[in-house]
Structure formats: structure tokens, C-alpha cells
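As provided, upload36.cif (mmCIF, C-alpha atoms and all ligand atoms) reads as follows.
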```
data_model
loop_
_atom_site.label_atom_id
_atom_site.label_comp_id
_atom_site.auth_asym_id
_atom_site.auth_seq_id
_atom_site.Cartn_x
_atom_site.Cartn_y
_atom_site.Cartn_z
CA MET A 1386 20.97 2.69 -10.08
CA SER A 1387 19.17 -0.61 -9.52
CA ALA A 1388 16.54 -1.86 -11.96
CA PRO A 1389 13.00 -0.68 -11.14
CA LEU A 1390 11.00 -2.88 -8.82
CA ILE A 1391 7.74 -1.52 -10.06
CA GLU A 1392 7.07 0.57 -13.11
CA VAL A 1393 3.63 2.02 -13.61
CA ARG A 1394 3.26 3.20 -17.19
CA SER A 1395 0.50 5.63 -17.98
CA VAL A 1396 -2.33 3.70 -16.31
CA SER A 1397 -5.94 4.83 -16.50
CA ARG A 1398 -9.01 3.42 -14.81
CA HIS A 1399 -12.63 4.39 -15.40
CA TYR A 1400 -15.73 3.36 -13.52
CA ARG A 1401 -19.17 3.24 -15.06
CA LEU A 1402 -21.61 4.93 -12.73
CA PRO A 1403 -25.16 3.62 -12.18
CA ARG A 1404 -27.57 4.76 -14.89
CA VAL A 1405 -29.71 7.64 -13.74
CA SER A 1406 -32.17 7.30 -16.60
CA LEU A 1407 -32.96 4.59 -19.15
CA LEU A 1408 -32.75 7.22 -21.85
CA ARG A 1409 -29.20 8.26 -21.05
CA ALA A 1410 -25.94 6.43 -21.39
CA PRO A 1411 -24.39 5.70 -17.99
CA ALA A 1412 -21.87 8.33 -16.92
CA VAL A 1413 -18.24 7.31 -16.67
CA LEU A 1414 -15.99 8.44 -13.86
CA THR A 1415 -12.27 8.68 -14.43
CA ALA A 1416 -10.70 7.45 -11.18
CA VAL A 1417 -7.11 7.48 -12.50
CA GLU A 1418 -5.83 9.08 -15.68
CA SER A 1419 -2.45 8.55 -17.41
CA THR A 1420 -0.42 8.11 -14.25
CA SER A 1421 3.15 6.85 -14.23
CA PHE A 1422 5.78 6.21 -11.57
CA THR A 1423 8.73 3.99 -10.74
CA ILE A 1424 9.94 2.53 -7.43
CA ARG A 1425 13.35 0.91 -6.93
CA ALA A 1426 14.53 -1.37 -4.14
CA GLY A 1427 15.05 0.59 -0.93
CA GLU A 1428 13.02 3.56 -2.17
CA THR A 1429 9.82 4.99 -0.75
CA LEU A 1430 7.39 6.75 -3.06
CA GLY A 1431 4.64 8.69 -1.35
CA ILE A 1432 1.36 9.27 -3.14
CA VAL A 1433 -0.63 12.09 -1.63
CA GLY A 1434 -3.92 13.73 -2.49
CA GLU A 1435 -7.29 14.39 -0.92
CA SER A 1436 -9.96 11.74 -0.61
CA GLY A 1437 -11.24 10.61 -4.02
CA SER A 1438 -8.07 11.54 -5.92
CA GLY A 1439 -7.50 7.96 -7.12
CA LYS A 1440 -4.85 6.77 -4.66
CA SER A 1441 -6.52 3.51 -3.63
CA THR A 1442 -7.45 2.74 -7.23
CA LEU A 1443 -3.75 3.06 -8.11
CA ALA A 1444 -2.86 0.78 -5.18
CA ARG A 1445 -5.32 -1.88 -6.36
CA MET A 1446 -3.83 -1.80 -9.87
CA VAL A 1447 -0.27 -2.09 -8.50
CA MET A 1448 -1.43 -5.06 -6.38
CA ALA A 1449 -3.10 -6.59 -9.48
CA PHE A 1450 -6.44 -6.67 -7.67
CA GLU A 1451 -7.83 -4.61 -10.51
CA LYS A 1452 -6.87 -4.16 -14.18
CA PRO A 1453 -6.13 -0.76 -15.69
CA ASP A 1454 -8.25 0.15 -18.73
CA SER A 1455 -5.03 1.26 -20.40
CA GLY A 1456 -1.36 1.38 -19.50
CA GLN A 1457 0.83 -1.20 -17.81
CA VAL A 1458 2.12 -2.22 -14.42
CA LEU A 1459 5.52 -3.91 -14.63
CA PHE A 1460 6.80 -5.73 -11.57
CA GLN A 1461 10.48 -6.61 -11.94
CA GLY A 1462 9.95 -6.17 -15.66
CA GLN A 1463 6.90 -8.44 -15.92
CA ASP A 1464 3.56 -7.01 -17.02
CA LEU A 1465 1.38 -7.99 -14.04
CA HIS A 1466 -1.86 -7.72 -15.93
CA ALA A 1467 -0.64 -9.98 -18.73
CA LEU A 1468 0.23 -12.89 -16.43
CA SER A 1469 -1.87 -16.05 -16.07
CA ALA A 1470 -3.63 -16.64 -12.74
CA THR A 1471 -1.02 -19.25 -11.81
CA GLU A 1472 1.93 -17.00 -12.68
CA LEU A 1473 0.36 -14.14 -10.75
CA ARG A 1474 -0.24 -16.33 -7.69
CA LYS A 1475 3.45 -17.26 -7.67
CA LEU A 1476 4.62 -13.67 -8.04
CA ARG A 1477 2.21 -12.32 -5.40
CA GLN A 1478 4.51 -13.20 -2.54
CA LYS A 1479 6.87 -10.48 -3.79
CA PHE A 1480 4.41 -7.62 -3.35
CA GLN A 1481 2.16 -7.32 -0.36
CA MET A 1482 -0.22 -4.77 1.04
CA VAL A 1483 -0.73 -3.18 4.45
CA PHE A 1484 -4.29 -1.94 4.78
CA GLN A 1485 -5.61 1.02 6.73
CA ASP A 1486 -7.85 -0.79 9.15
CA PRO A 1487 -5.97 -3.10 11.52
CA PHE A 1488 -9.28 -4.00 13.14
CA GLY A 1489 -11.26 -5.01 10.09
CA SER A 1490 -8.40 -6.91 8.48
CA LEU A 1491 -7.84 -9.37 11.35
CA ASP A 1492 -10.34 -12.16 11.99
CA PRO A 1493 -11.43 -11.67 15.63
CA ARG A 1494 -12.02 -15.43 16.09
CA ARG A 1495 -8.56 -16.48 14.92
CA LYS A 1496 -5.29 -16.37 16.81
CA ILE A 1497 -3.06 -13.82 15.15
CA GLY A 1498 -0.49 -16.48 14.22
CA TRP A 1499 -3.13 -17.95 11.93
CA SER A 1500 -3.84 -14.55 10.33
CA ILE A 1501 -0.14 -13.77 9.82
CA ALA A 1502 0.41 -17.10 8.04
CA GLU A 1503 -2.55 -16.51 5.73
CA PRO A 1504 -0.52 -15.10 2.78
CA LEU A 1505 1.79 -18.12 3.02
CA ARG A 1506 -1.15 -20.49 2.70
CA ALA A 1507 -2.51 -18.36 -0.16
CA ILE A 1508 0.65 -18.96 -2.18
CA GLY A 1509 0.78 -22.62 -1.23
CA VAL A 1510 3.65 -22.53 1.29
CA ASP A 1511 2.93 -25.12 3.99
CA ALA A 1512 6.39 -25.82 5.37
CA ASN A 1513 7.91 -23.77 8.20
CA THR A 1514 4.87 -21.51 8.59
CA ALA A 1515 5.22 -21.44 12.39
CA ARG A 1516 8.90 -20.48 12.18
CA ARG A 1517 8.27 -17.84 9.55
CA THR A 1518 5.36 -16.42 11.55
CA ALA A 1519 7.57 -16.19 14.65
CA GLU A 1520 10.28 -14.49 12.59
CA ALA A 1521 7.79 -11.94 11.19
CA LEU A 1522 6.50 -11.18 14.71
CA GLU A 1523 10.03 -10.49 15.89
CA GLN A 1524 10.73 -8.29 12.87
CA VAL A 1525 7.81 -6.02 13.80
CA GLY A 1526 8.85 -5.82 17.46
CA LEU A 1527 6.38 -8.34 18.87
CA HIS A 1528 7.07 -11.64 20.63
CA PRO A 1529 6.79 -15.05 18.91
CA ARG A 1530 4.47 -16.10 21.77
CA ASP A 1531 2.02 -13.43 20.62
CA ALA A 1532 1.05 -15.81 17.79
CA GLU A 1533 -1.21 -17.58 20.31
CA LYS A 1534 -3.19 -14.45 21.21
CA TYR A 1535 -6.38 -12.99 19.72
CA PRO A 1536 -6.71 -9.56 18.05
CA HIS A 1537 -8.66 -8.01 20.97
CA GLU A 1538 -5.63 -8.54 23.22
CA PHE A 1539 -3.65 -5.92 21.25
CA SER A 1540 -3.71 -2.11 20.96
CA GLY A 1541 -4.32 -0.34 17.65
CA GLY A 1542 -0.60 0.20 17.10
CA GLN A 1543 0.19 -3.44 17.89
CA ARG A 1544 -2.53 -4.56 15.50
CA GLN A 1545 -0.93 -2.47 12.78
CA ARG A 1546 2.38 -4.23 13.58
CA ILE A 1547 0.53 -7.52 13.13
CA ALA A 1548 -0.80 -6.31 9.76
CA ILE A 1549 2.80 -5.47 8.77
CA ALA A 1550 4.00 -8.89 9.97
CA ARG A 1551 1.40 -10.48 7.72
CA ALA A 1552 2.62 -8.37 4.80
CA ILE A 1553 6.31 -9.28 5.24
CA VAL A 1554 5.86 -12.97 6.07
CA THR A 1555 6.17 -13.87 2.37
CA ARG A 1556 9.46 -11.89 2.18
CA PRO A 1557 8.23 -9.39 -0.38
CA ALA A 1558 10.34 -6.91 -2.33
CA LEU A 1559 7.58 -4.29 -2.39
CA LEU A 1560 5.13 -3.14 0.27
CA VAL A 1561 2.06 -1.13 -0.63
CA ALA A 1562 0.76 0.77 2.39
CA ASP A 1563 -2.60 2.47 1.79
CA GLU A 1564 -3.41 4.92 4.60
CA ALA A 1565 -1.59 2.46 6.87
CA VAL A 1566 -1.20 4.90 9.77
CA SER A 1567 -4.24 7.12 9.19
CA ALA A 1568 -6.36 5.43 11.88
CA LEU A 1569 -3.67 5.79 14.56
CA ASP A 1570 -2.83 8.48 17.11
CA VAL A 1571 0.07 10.73 16.13
CA SER A 1572 2.53 9.19 18.64
CA VAL A 1573 1.66 5.67 17.51
CA GLN A 1574 1.88 6.82 13.87
CA ALA A 1575 5.50 7.81 14.46
CA GLN A 1576 6.34 4.36 15.88
CA ILE A 1577 4.79 2.58 12.90
CA LEU A 1578 6.57 4.91 10.44
CA ASN A 1579 9.87 4.16 12.21
CA LEU A 1580 9.16 0.45 11.99
CA LEU A 1581 8.51 0.72 8.24
CA MET A 1582 11.80 2.59 7.77
CA ASP A 1583 13.73 0.03 9.88
CA LEU A 1584 12.25 -2.83 7.89
CA GLN A 1585 13.14 -1.04 4.69
CA ASP A 1586 16.78 -0.74 5.82
CA GLN A 1587 16.97 -4.37 6.90
CA LEU A 1588 15.11 -5.92 3.99
CA GLY A 1589 15.80 -3.43 1.18
CA LEU A 1590 12.08 -3.06 0.57
CA GLY A 1591 10.58 -0.72 -1.96
CA ILE A 1592 7.56 1.00 -0.44
CA LEU A 1593 4.55 2.62 -2.06
CA PHE A 1594 3.20 4.75 0.75
CA ILE A 1595 -0.22 6.29 0.27
CA SER A 1596 -1.74 8.94 2.50
CA HIS A 1597 -4.05 11.94 2.34
CA ASP A 1598 -1.75 13.51 4.96
CA LEU A 1599 1.31 15.20 3.51
CA ALA A 1600 2.90 15.46 6.98
CA VAL A 1601 3.07 11.67 7.21
CA VAL A 1602 4.34 11.35 3.64
CA ALA A 1603 6.96 14.04 4.31
CA ALA A 1604 8.24 12.03 7.28
CA ILE A 1605 9.30 8.94 5.35
CA CYS A 1606 9.24 9.36 1.57
CA ASP A 1607 12.16 9.88 -0.84
CA HIS A 1608 9.89 10.78 -3.74
CA ILE A 1609 6.41 12.23 -3.76
CA LEU A 1610 3.62 12.13 -6.33
CA VAL A 1611 0.72 14.51 -5.82
CA MET A 1612 -2.61 13.36 -7.26
CA GLN A 1613 -5.64 15.55 -7.86
CA HIS A 1614 -8.95 14.33 -9.34
CA GLY A 1615 -7.26 11.16 -10.63
CA LYS A 1616 -4.48 13.03 -12.39
CA PRO A 1617 -0.81 13.26 -11.48
CA LEU A 1618 -0.27 16.92 -10.62
CA GLU A 1619 3.41 17.01 -9.73
CA SER A 1620 6.13 14.64 -8.67
CA GLY A 1621 9.77 14.67 -7.74
CA PRO A 1622 12.25 14.20 -4.90
CA ALA A 1623 10.54 14.83 -1.55
CA ALA A 1624 12.66 17.92 -0.79
CA GLN A 1625 11.63 19.52 -4.07
CA VAL A 1626 7.89 18.87 -3.71
CA LEU A 1627 7.89 19.91 -0.05
CA HIS A 1628 10.06 23.00 -0.32
CA ARG A 1629 9.48 24.17 -3.86
CA PRO A 1630 5.96 23.00 -4.71
CA ALA A 1631 5.09 23.84 -8.30
CA HIS A 1632 1.33 23.94 -7.74
CA LEU A 1633 -1.00 25.90 -5.54
CA TYR A 1634 -2.83 22.66 -4.70
CA THR A 1635 0.37 21.17 -3.25
CA GLN A 1636 0.81 24.32 -1.16
CA THR A 1637 -2.73 23.84 0.14
CA LEU A 1638 -1.94 20.25 1.12
CA LEU A 1639 1.25 21.45 2.84
CA LYS A 1640 -0.73 24.04 4.80
CA ALA A 1641 -3.39 21.49 5.78
CA ALA A 1642 -0.65 19.17 7.04
CA GLY A 1643 1.12 21.91 8.96
CA VAL A 1644 4.31 21.47 6.90
CA SER A 1645 5.94 24.76 6.00
CA PRO A 1646 7.49 24.86 2.53
P1 LIG B 1 -8.67 7.82 -2.83
O1 LIG B 1 -8.09 6.53 -2.39
O2 LIG B 1 -7.65 8.83 -3.26
O3 LIG B 1 -9.61 8.40 -1.81
P2 LIG B 1 -10.14 6.24 -4.75
O4 LIG B 1 -9.15 5.59 -5.63
O5 LIG B 1 -10.74 5.41 -3.68
O6 LIG B 1 -9.53 7.58 -4.15
O7 LIG B 1 -11.34 6.78 -5.63
C1 LIG B 1 -11.14 7.58 -6.79
C2 LIG B 1 -12.50 7.86 -7.43
O8 LIG B 1 -13.01 6.65 -7.98
C3 LIG B 1 -13.55 8.35 -6.45
O9 LIG B 1 -14.36 9.29 -7.11
C4 LIG B 1 -14.34 7.11 -6.11
O10 LIG B 1 -15.65 7.42 -5.75
C5 LIG B 1 -14.28 6.34 -7.42
N1 LIG B 1 -14.31 4.87 -7.24
C6 LIG B 1 -13.41 4.12 -6.58
N2 LIG B 1 -13.72 2.83 -6.63
C7 LIG B 1 -14.89 2.75 -7.34
C8 LIG B 1 -15.75 1.67 -7.74
N3 LIG B 1 -15.46 0.39 -7.45
N4 LIG B 1 -16.86 1.97 -8.44
C9 LIG B 1 -17.17 3.25 -8.76
N5 LIG B 1 -16.40 4.31 -8.43
C10 LIG B 1 -15.28 4.06 -7.71
MG MG B 2 -8.13 5.58 -0.49
#
```

Could the structure of this file be written out as C-alpha cells, please?
Amino acid sequence: MSAPLIEVRSVSRHYRLPRVSLLRAPAVLTAVESTSFTIRAGETLGIVGESGSGKSTLARMVMAFEKPDSGQVLFQGQDLHALSATELRKLRQKFQMVFQDPFGSLDPRRKIGWSIAEPLRAIGVDANTARRTAEALEQVGLHPRDAEKYPHEFSGGQRQRIAIARAIVTRPALLVADEAVSALDVSVQAQILNLLMDLQDQLGLGILFISHDLAVVAAICDHILVMQHGKPLESGPAAQVLHRPAHLYTQTLLKAAGVSP
């Protein structure tokens, strides 16, 4: 087995809620509690759970946008949250994120070529940006000439392809996709899921795939982690979680998604 790409070791994250009274200490909300997982190259881990179960908070910690209060996130063996800003900036090209909203994440006044090259500029790559942008467009099934167009000229599914092009332009080893197909119609969802799987085959990507919809997770993931109220409820190979769920909650998610165990 290959060495882990990402190793999340018992991370927790709490948020202090606004004080309701001067006389009381502010309440603390546990968004994520003692959660661990590992992803290797070429593997897809699905994290599933209803809204508010801590999925996006986990994604932000994996992306080093936010620090865990305890626990560690190791990327290729390096503790992400112990790195200096400069070290982290360098390493960032190896893990990239695909966001849910392909509309909000593209600047409507910029040609999409500019938006796709943004992560390259962020890590200080200036050379060959046009060539690498063209290559990324082709990898997601668009045309290099599309770089000259504006976001409004594309459909929702095409915009999500653009968001994926922007995520792979730095040639990452890990993609974090947070509700990346949730805003799309079911038929378009399937195309984007196929694209992610093709890219994984070609590039050997590890993928952290987050969704509230177990049907979508079931379609592409090798391993599944079920979260409930910030806690890891059960995890294992996809077939096991889908066909022999250990918890009633997982069965409820399966029912809601129309997946029969
Ligand atoms: P999910 O992505 O599964 O819907 P989130 O990770 O977004 O869940 O949220 C988990 C919990 O943490 C929720 O109760 C949410 O309201 C809370 N939360 C998330 N981000 C913040 C924040 N910045 N400040 C306060 N509470 C937050
Ligand atoms: Mg979320």
C-alpha cells in the first residue's frame, strides 16, 4: 500500500458562540470532535452527514484554512498546521479545493482563463500559465479557446468543469470537493462525477469527497465516513457502509438517498 497522502489524526474544532448574556460565559459549539481518517493516492474517501454535521469544518482544516483546536493534519507526512506561512504556500499547490457554488466562485468580470490561472499566481508561478490553463481546460473536457470567454457564457455543469480546471491547474495530489455537485441537476451531476473519476485515473489523485447525499457518495467513493453532530459515527469500505450499515442513522441516510442496503 502507498504511503498516506493525507492523515487526519483525531482533530477537534470548537466555535465560541455569541454571548447571550453578560452574566454567562459564552457557549461553545463542538463542530468536529476527535475525527480521524486517511486518504492514499488514487483513493476516494466520502464524508457524508446531514447539514451541520461538521463536514465543511473538516474540509477547511484539511485545506489548512482553519486550525484544529487539537489533533493533527499530516499531508505527505508533514503537519500542515505546524508549517510556516511560506512553507504552507509552497505546499498548497499539492492540495486544492472544488467548491459547491460554480457561480459564486468565478469572477463574472474576468475571462475564465484568468480565474483558472489564479491558483498558479497565488503560489508564484508566472511561467507557462497560458499553456497550463489550456491543458487544464482540455483535461476537464473544455476547449483551450474557452479561456477567452466569460462565466455567463457557460452552463452550470460547464462552470463546475471550470472550477475543477482551476483546482487541477497546480497539478495537485489531493482534491477536496465540498458539495461539488450538490447544486447541479442529477444528469449533470453524473457527468461531473465521471469527470472526477477519469481525472483520478489519469492523475492518480486522492479525493476527499463531501456530500450530504449518500447516493452521490455511493456512486464514486471507495471508503465512506459517516458524520453526525460533529462526531465520526461509522466508517469503512463503501460496500460495507452501504450494504451493512452499523448504525440506524446511516440507514436513515441510505433511505433518504434512495439507496437500498
Ligand atoms: P456541514 O458542512 O456538515 O453542514 P459545518 O462544518 O458547516 O457542517 O458546521 C458544523 C457546525 O459548526 C454547525 O453547527 C455550524 O453552525 C457550526 N459552524 C461552522 N462554522 C462556524 C463558524 N465560523 N462559527 C460558528 N459556528 C460555526
Ligand atoms: Mg458544508

Counting all atoms listed in the file, name the residues that have an atom within 10 Å of an atom of ligand LIG 1 (chain B); the answer should be given as a PDB file with C-alpha atoms, in the frame of the given file.
```pdb
ATOM      1  CA  ARG A1398      -9.010   3.420 -14.810  1.00  0.00           C
ATOM      2  CA  HIS A1399     -12.630   4.390 -15.400  1.00  0.00           C
ATOM      3  CA  TYR A1400     -15.730   3.360 -13.520  1.00  0.00           C
ATOM      4  CA  ARG A1401     -19.170   3.240 -15.060  1.00  0.00           C
ATOM      5  CA  LEU A1402     -21.610   4.930 -12.730  1.00  0.00           C
ATOM      6  CA  PRO A1403     -25.160   3.620 -12.180  1.00  0.00           C
ATOM      7  CA  VAL A1413     -18.240   7.310 -16.670  1.00  0.00           C
ATOM      8  CA  LEU A1414     -15.990   8.440 -13.860  1.00  0.00           C
ATOM      9  CA  THR A1415     -12.270   8.680 -14.430  1.00  0.00           C
ATOM     10  CA  ALA A1416     -10.700   7.450 -11.180  1.00  0.00           C
ATOM     11  CA  VAL A1417      -7.110   7.480 -12.500  1.00  0.00           C
ATOM     12  CA  ILE A1432       1.360   9.270  -3.140  1.00  0.00           C
ATOM     13  CA  VAL A1433      -0.630  12.090  -1.630  1.00  0.00           C
ATOM     14  CA  GLY A1434      -3.920  13.730  -2.490  1.00  0.00           C
ATOM     15  CA  GLU A1435      -7.290  14.390  -0.920  1.00  0.00           C
ATOM     16  CA  SER A1436      -9.960  11.740  -0.610  1.00  0.00           C
ATOM     17  CA  GLY A1437     -11.240  10.610  -4.020  1.00  0.00           C
ATOM     18  CA  SER A1438      -8.070  11.540  -5.920  1.00  0.00           C
ATOM     19  CA  GLY A1439      -7.500   7.960  -7.120  1.00  0.00           C
ATOM     20  CA  LYS A1440      -4.850   6.770  -4.660  1.00  0.00           C
ATOM     21  CA  SER A1441      -6.520   3.510  -3.630  1.00  0.00           C
ATOM     22  CA  THR A1442      -7.450   2.740  -7.230  1.00  0.00           C
ATOM     23  CA  LEU A1443      -3.750   3.060  -8.110  1.00  0.00           C
ATOM     24  CA  ALA A1444      -2.860   0.780  -5.180  1.00  0.00           C
ATOM     25  CA  ARG A1445      -5.320  -1.880  -6.360  1.00  0.00           C
ATOM     26  CA  GLU A1451      -7.830  -4.610 -10.510  1.00  0.00           C
ATOM     27  CA  ASP A1563      -2.600   2.470   1.790  1.00  0.00           C
ATOM     28  CA  GLU A1564      -3.410   4.920   4.600  1.00  0.00           C
ATOM     29  CA  ILE A1595      -0.220   6.290   0.270  1.00  0.00           C
ATOM     30  CA  SER A1596      -1.740   8.940   2.500  1.00  0.00           C
ATOM     31  CA  HIS A1597      -4.050  11.940   2.340  1.00  0.00           C
ATOM     32  CA  MET A1612      -2.610  13.360  -7.260  1.00  0.00           C
ATOM     33  CA  GLN A1613      -5.640  15.550  -7.860  1.00  0.00           C
ATOM     34  CA  HIS A1614      -8.950  14.330  -9.340  1.00  0.00           C
ATOM     35  CA  GLY A1615      -7.260  11.160 -10.630  1.00  0.00           C
TER      36      GLY A1615
END
```

Between A:Ala1562, A:Ile1605, A:Leu1638, A:Leu1588, which is the closest to ligand MG 2 (chain B) once you count only C-alpha atoms and all ligand atoms?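 Going through A:Ala1562, A:Ile1605, A:Leu1638, A:Leu1588 one by one, the smallest distance to ligand MG 2 (chain B) is for A:Ala1562.
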
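The environment of Val1611 (chain A) within 9 Å, counting all atoms listed in the file and disregarding residues fewer than 4 places along the same chain, consists of Gly1431, Ile1432, Val1433, Gly1434, Lys1616, Pro1617, Leu1618, Glu1619, Ser1620, Val1626, Tyr1634 and Thr1635 of chain A.
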
When distances are computed from all atoms listed in the file, which of A:Val1458, A:Gly1541, A:Ala1558, A:Ser1397 shows the smallest separation from Asp1570 (chain A)? A:Gly1541

Expressed in Å, the length from CA of Leu1580 (chain A) to CA of Ile1592 (chain A) is 12.5 Å

Residue nearest ligand MG 2 (chain B) among A:Leu1468, A:Leu1408, A:Ala1507, A:Ala1565 (counting all atoms listed in the file):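 Comparing A:Leu1468, A:Leu1408, A:Ala1507, A:Ala1565 against ligand MG 2 (chain B), the winner is A:Ala1565.
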
Neighbours of Asp1598 (chain A) within 7 Å (all atoms listed in the file; same-chain residues fewer than 3 positions away dropped), as a list in words?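 Residues near the query, excluding close chain neighbours: Val1433, Val1601, Val1602 and Ala1642 of chain A.
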
Of A:Phe1484, A:Lys1534, A:Pro1630, A:Leu1610, the one nearest to ligand MG 2 (chain B) when counting all atoms listed in the file is A:Phe1484

Can you pull out the residues contacting Val1573 (chain A)? Cut-off 10 Å, using all atoms listed in the file, and skip same-chain residues under 3 positions away; I want them as an NGL selection string. :A and (1541-1543 or 1545 or 1566 or 1568-1570 or 1576-1579)

Within 9 Å of (-9.3, -18.4, 18.5), only C-alpha atoms: residues as a ChimeraX atom specification? /A:1493-1497,1533-1535

Calculate how many Å separate CA of Glu1538 (chain A) from CA of Phe1480 (chain A), rounding to one decimal. 28.4 Å

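With distances taken over only C-alpha atoms and all ligand atoms, A:Phe1594 is the one residue among A:Arg1404, A:Phe1594, A:Asp1583, A:Arg1474 lying closest to ligand MG 2 (chain B).
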
Around the point (17.1, -9.5, -16.0) in the file's coordinates, collect all residues with an atom within 9 Å, using only C-alpha atoms, and return them as a list in words.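 So the residues meeting the distance criterion are Ala1388, Gln1461 and Gly1462 of chain A.
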
Compare A:Gln1574, A:Ser1500, A:Ser1567, A:Gln1587 by their minimum atom-to-atom distance to ligand MG 2 (chain B), counting only C-alpha atoms and all ligand atoms, and give me the closest one.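 Checking each of A:Gln1574, A:Ser1500, A:Ser1567, A:Gln1587 against ligand MG 2 (chain B), counting only C-alpha atoms and all ligand atoms, the winner is A:Ser1567.
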
Please rebuild region 1611-1623 of chain A with N, CA and C atoms and return the result as an mmCIF file, in the frame of the given file.
```cif
data_model
loop_
_atom_site.group_PDB
_atom_site.id
_atom_site.type_symbol
_atom_site.label_atom_id
_atom_site.label_comp_id
_atom_site.auth_asym_id
_atom_site.auth_seq_id
_atom_site.Cartn_x
_atom_site.Cartn_y
_atom_site.Cartn_z
ATOM 1 N N VAL A 1611 1.958 13.869 -6.266
ATOM 2 C CA VAL A 1611 0.720 14.510 -5.820
ATOM 3 C C VAL A 1611 -0.376 14.216 -6.836
ATOM 4 N N MET A 1612 -1.476 13.653 -6.377
ATOM 5 C CA MET A 1612 -2.610 13.360 -7.260
ATOM 6 C C MET A 1612 -3.750 14.327 -6.970
ATOM 7 N N GLN A 1613 -4.436 14.740 -8.031
ATOM 8 C CA GLN A 1613 -5.640 15.550 -7.860
ATOM 9 C C GLN A 1613 -6.674 15.116 -8.896
ATOM 10 N N HIS A 1614 -7.874 14.785 -8.445
ATOM 11 C CA HIS A 1614 -8.950 14.330 -9.340
ATOM 12 C C HIS A 1614 -8.469 13.237 -10.293
ATOM 13 N N GLY A 1615 -7.686 12.282 -9.800
ATOM 14 C CA GLY A 1615 -7.260 11.160 -10.630
ATOM 15 C C GLY A 1615 -6.077 11.453 -11.530
ATOM 16 N N LYS A 1616 -5.598 12.693 -11.502
ATOM 17 C CA LYS A 1616 -4.480 13.030 -12.390
ATOM 18 C C LYS A 1616 -3.215 13.312 -11.584
ATOM 19 N N PRO A 1617 -2.061 12.922 -12.145
ATOM 20 C CA PRO A 1617 -0.810 13.260 -11.480
ATOM 21 C C PRO A 1617 -0.548 14.754 -11.655
ATOM 22 N N LEU A 1618 -0.416 15.467 -10.542
ATOM 23 C CA LEU A 1618 -0.270 16.920 -10.620
ATOM 24 C C LEU A 1618 1.199 17.313 -10.652
ATOM 25 N N GLU A 1619 1.955 16.783 -9.682
ATOM 26 C CA GLU A 1619 3.410 17.010 -9.730
ATOM 27 C C GLU A 1619 4.101 15.891 -8.988
ATOM 28 N N SER A 1620 5.374 15.683 -9.336
ATOM 29 C CA SER A 1620 6.130 14.640 -8.670
ATOM 30 C C SER A 1620 7.598 15.007 -8.691
ATOM 31 N N GLY A 1621 8.342 14.396 -7.784
ATOM 32 C CA GLY A 1621 9.770 14.670 -7.740
ATOM 33 C C GLY A 1621 10.341 14.240 -6.415
ATOM 34 N N PRO A 1622 11.642 14.504 -6.198
ATOM 35 C CA PRO A 1622 12.250 14.200 -4.900
ATOM 36 C C PRO A 1622 11.468 14.921 -3.797
ATOM 37 N N ALA A 1623 11.362 14.283 -2.627
ATOM 38 C CA ALA A 1623 10.540 14.830 -1.550
ATOM 39 C C ALA A 1623 10.915 16.285 -1.235
#
```
